[in-house]
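Working notes for the structure below.
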Amino acid sequence: MTLPPTLIAEQLLNGLQLGLMLFLLAAGLTLVFGIMDMINLAHGSLYMIGAYLAAAVTEASGSFLLGIAGAIAGTALVGIALEVALLRRLYRRSHLSQVLATFAVILIANEVVRMIWGSQPILLAMPAALSGPVELGGFRYPAYRLVVIGAGLAIALLLYLLVTRSRAGMWVRAGASDREMAEVMGVDTRTLFTLVFAIGAALCAVAGALLGPLLAVQVGMGENILILAFVVITIGGIGSIRGALVGALLVGLIDTAGRAFLPFLFRQMFPAVVAAEAGPAVASMLIYMLMAAVLFFRPTGLFPARG
Amino acid sequence: MRDTLRIPLEPWPTLAVIAVLALLPAVALAVGQPFYVVFATRVLIYALIATSLNLLIGYVGLVSFGHAAFVGAGAYTVAVLMAAGIASAWLLWPAAIVVAALLALLIGAISLRTRGVYFIMITLAFAQMVYYLVVSLRVLGSDDGLTLGARPTIGLVSLDRDTSFYYVALAILLAALLAMRALLNAPFGRALQGIRDNEIRMEAIGFPTYRLKLLAFVIAGAAAGLGGGLLASLNGLVGPNLLHWPESGVLMIMVILGGTGRLLGGVLGAAALLIAQEALAGQTIHWPLAIGVVLLAVVLFAPQGLSGLIRRGGAGS
Amino acid sequence: MTAPVLSVSGLQKRFGGILAVDDVSLDLAPGELHAVIGPNGAGKTTLVHLLSGALPPSGGTIRLEGRDVTGLAMHRRVRLGLARSYQITSLFPGFTVLENLALAVQGAGGGHDPARARAELEAVGLAHRADQRAGALAHGERRQLELGLALATGARILLLDEPMAGMAAEEAARIVALIEALKGRRTILLVEHDMDAVFRLADRISTLVYGRVIASGAPDEIRRHPEVRRAYLGEEVVA
């Protein structure tokens with residue numbers, strides 16, 4: 001018995017979609033980590049804020065596009081405020097202090113959101129025009145998810161061009177590989193960094209807004225995806241956008257395909273009693289096993305930006 | 001010669017604190033708040049767990065982000081054995097220690113091949129793997145977890161009485177602290193701190209650093225497992241949320257809050273966080289906000305944690 | 001010569017496309033002080049990394065008193081009697097000077113022995129700084145402690161990587177005297193730029209250029225060796 005090819009195609013597209021969204025989150029995270037050597041647990045909170053703002057603006061204006069725009073603007077502002085008021089003081093501190101401080105930000109952000117919107121999930125509605133399926137050479141796939149994939153690819157391309165072709169991008173890459181050297185060369189790392197953080201926040205907002213209709217928009221949504229983002233940048237190599245992309249696609253595809261097909265595969269290979277539980281168990285562990293394996297062969301990830 | 005590494009033991013202050021803690025249940029009952037005995041017991045257990053993590057973070061320099069896995073391993077071991085009919089704490093808690101130690105040996109053997117932030121990530125990854133494994137197994141209760149029928153017995157004494165459990169937990173914590181002090185004052189403890197200060201140089205002067213780190217990792221994991229077993233016995237139930245990664249984060253917060261690299265750092269941090277949580281939860285539904293603000297204040301203005309504040313205030317130097 | 005205590009044969013280290021150490025062979029007789037000189041980037045520190053076990057070689061063998069230690073971990077080599085000091089000072093900043101030395105004594109297998117640590121403290125001339133935190137020492141004293149750590153392991157074979165790096169003349173003279181006192185009793189491989197010290201201390205000298213040994217022999221031979229002169233004078237012209 002084999003899996004129908006349409007199912008495989010569908011899951012691969014889902015994996016691509018998840019991977020691209022993870023890339024949006026991971027790109028900002030890896031740059032922050034790579035350039036400023038800072039562990040930012042509050043990155044997930046920016047994603048959450050983006051989703052909530054998107055929901056609020058879409059609800060108020062009736063336009064999903066305005067919702068995304070509002071999310072980007074609002075979250076970028078929050079990001080800049082956070083960086084200037086707090087995160088700046090943490091760059092020279094130990095990773096441990098950074099963990100403590102950004103964990104505190106998560107607590108605060110979750111409560112503020114809860115105070116404004118409550119504990120229950122809120123609705124971020126998919127634009128009506130995109131809520132139907134699309135015919136793709138033999139099978140049907142949700143239009144909205146295709147748009148998400150398209151948006152993800154476009155942003156990835158934009159980011160690639162920005163980082164590799166623009167002056168600012170060159171500074172960013174220099175900063176990622178050797179901050180002190182970049183400073184000596186005259187790069188204004190302070191402003192550069194706030195800029196990088198703002199862009200990272202904007203990317204989080206886009207991911208939050210786009211995923212909002214598909215996943216639940218609720219308090220704590222950031223923590224779940226944050227850990228995936230950390231896995232991505234660890235696999236990809238800290239400080240590397242290319243690594244973030246490769247890592248994100250790997251994680252997105254393996255996680256999605258694993259959850260979809262592994263239980264089935266296990267049922268073919270093992271007695272039902274074992275397969276019923278082992279399948280889903282191993283499927284959810286897959287990306288962590290992937291990360292452990294990558295670190296085993298490449299202790300600093302696939303494309304480390306430094307040294 | 002000045003020995004900056006030796007941890008002193010001041011008999012009178014120590015006895016005074018122990019006396020206060022010993023009187024706590026009596027006081028709680030006198031003011032008609034027996035709940036506080038259970039709460040205090042929970043604080044003592046988390047103090048044990050946070051202390052075990054402090055050994056790694058504060059004294060060896062290993063920032064383990066997966067410590068909750070060992071707590072969970074201990075807790076679930078006790079739950080499973082109780083379901084199988086074993087009720088004696090003499091069997092349950094040592095079993096929790098052994099299972100957690102074995103898990104720590106496995107995870108440590110692989111993770112300790114990495115350094116720095118990659119070590120942090122890989123310990124997190126392994127903890128997540130354990131979490132997902134536990135959540136998937138129906139025999140472990142999946143999402144719902146397991147309930148334990150009653151408290152265990154120590155010989156003929158049943159721990160159903162909260163006060164009895166409190167004293168047992170207190171005794172265990174004191175024993176653990178004494179053991180940790182002895183370990184840190186011994187050559188092994190000096191070696192661990194040497195590794196924290198400069199691991200490469202330690203290897204260059206002849207120390208088998210990997211082996212030493214692994215031993216410390218297993219000891220810490222075993223102690224965390226004991227804590228997990230105690231938690232399971234105290235609460236009467238275990239659930240996969242014990243293993244979820246934010247739990248590991250909370251443990252790290254306790255250590256950092258109390259002050260890494262100080263013997264009582266874990267104790268202070270666990271007590272401070274749990275008491276603050278308890279006090280604030282009664283006042284406002286949004287107590288995590290207050291905790292977050294307090295944590296931020298500590299990071300920004302008291303980088304050595306609470307034990308740093310205490311030292312600054314007491315020594316005046 | 002009598003059986004060499006340290007015997008290096010065809011040692012190689014490749015980093016990507018670069019051959020940092022290229023077919024290096026050396027023999028150190030017991031009690032010999034063998035200096036390794038060469039321009040910056042010649043591979044001297046890499047050589048020390050290979051000999052101490054900090055880096056695995058890409059080829060060649062290293063024998064310690066006849067025993068093949070090429071793949072042996074760093075800490076095991078220390079237990080066999082081979083220790084190194086670092087060009088970039090590497091101490092335990094949170095420990096006092098005495099505690100630093102006590103660690104070195106402990107690492108080599110001596111347990112926690114404050115008495116022996118104190119003896120090492122006196123030997124390296126830092127008795128007045130015993131209870132000072134290592135992180136608070138002046139540069140010259142840090143280099144002294146750096147050397148002291150290697151000595152305190154009791155290793156019979158020492159790899160010293162630019163012990164006098166960045167030192168003023170007076171401090172450097174102290175180190176030279178210290179090393180001179182060790183001559184004959186311990187076997188020493190000394191990487192140094194300070195030519196006065198090198199010619200005063202060395203029994204034999206090897207010159208490393210671009211990872212290769214271009215000359216090896218008695219100090220007088222090396223002083224007059226045309227290729228060595230070219231390597232140094234050539235370097236100055238380019239720079």
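Residues are named by chain letter and number: chains run A, B, ... in the order of the structure tokens, numbers start at 1 in each chain, and ligands are numbered from 1 in the order shown.
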
Using DSSP on the backbone coordinates, identify the residues of range 53-227 of chain C assigned to alpha helix (DSSP H); present them as a PyMOL selection string. chain C and resi 74-79+97-105+114-123+139-152+169-182+195-201+219-224+226-227

Measuring atom to atom with only C-alpha atoms, identify which of C:Arg156, C:Arg76, C:Arg129, C:Lys183 is nearest to chain B.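 Answer, going by the shortest atom-to-atom distance: C:Arg76.
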
List as a ChimeraX atom specification the protein and nucleic acid residues near Leu178 in chain C, meaning an atom at most 10 Å away when only C-alpha atoms are counted, but skip any in the same chain fewer than 2 places from it. /C:123-125,144,147-148,172-176,180-183

So the first atom is CA of Ala171 in chain B and the second is CA of Leu159 in chain B; what is the distance between them in Å, to one decimal place?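 Distance between the two atoms: 13.8 Å.
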
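Taking only C-alpha atoms, the non-local environment of range 277-279 of chain A within 7 Å (same-chain residues fewer than 5 positions away omitted) comprises Leu262, Pro263 and Phe266 of chain A; Ser136 and Leu137 of chain B.
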
Residues of chain B near chain C: apply a cut-off of 6 Å, count only C-alpha atoms, and supply the list as a PyMOL selection string. chain B and resi 2+187+197-198+203-208

Would you export the selected residues with C-alpha atoms as a PDB file, in the first residue's frame, please?
```pdb
ATOM      1  CA  ARG B   2      43.639  32.630  51.890  1.00  0.00           C
ATOM      2  CA  PRO B 187      39.381  18.529  45.056  1.00  0.00           C
ATOM      3  CA  ASP B 197      36.842  29.512  34.795  1.00  0.00           C
ATOM      4  CA  ASN B 198      38.927  28.126  31.957  1.00  0.00           C
ATOM      5  CA  GLU B 203      42.763  20.124  30.063  1.00  0.00           C
ATOM      6  CA  ALA B 204      46.207  21.581  29.476  1.00  0.00           C
ATOM      7  CA  ILE B 205      47.194  20.967  33.088  1.00  0.00           C
ATOM      8  CA  GLY B 206      46.023  17.384  33.060  1.00  0.00           C
ATOM      9  CA  PHE B 207      42.343  17.269  34.026  1.00  0.00           C
ATOM     10  CA  PRO B 208      40.016  14.908  32.102  1.00  0.00           C
TER      11      PRO B 208
END
```

When you get a sec, could you note down which chain B residues fall within 6 Å of chain A, using only C-alpha atoms, as a list in words?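 Going by the stated atoms only, the list reads Ala125, Met129, Leu133, Ser136, Ile253, Pro288, Leu289, Gly292, Leu295 and Leu296 of chain B.
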
Could you work out how far CA of Val60 in chain B lies from CA of Leu184 in chain B, giving the answer in Å with one decimal?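 Rounded to one decimal, the two atoms are 10.5 Å apart.
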
Just to confirm, what's the straight-line distance from CA of Ala191 in chain B to CA of Leu226 in chain B in Å (one decimal)?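 Separation between CA of Ala191 in chain B and CA of Leu226 in chain B: 25.0 Å.
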
Would you please work out which residue, of C:Val8, C:Leu126, C:Ala231, C:Ile214, is nearest to Gly60 in chain C when using only C-alpha atoms?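 Checking each candidate against Gly60 in chain C, we get C:Val8 as the closest.
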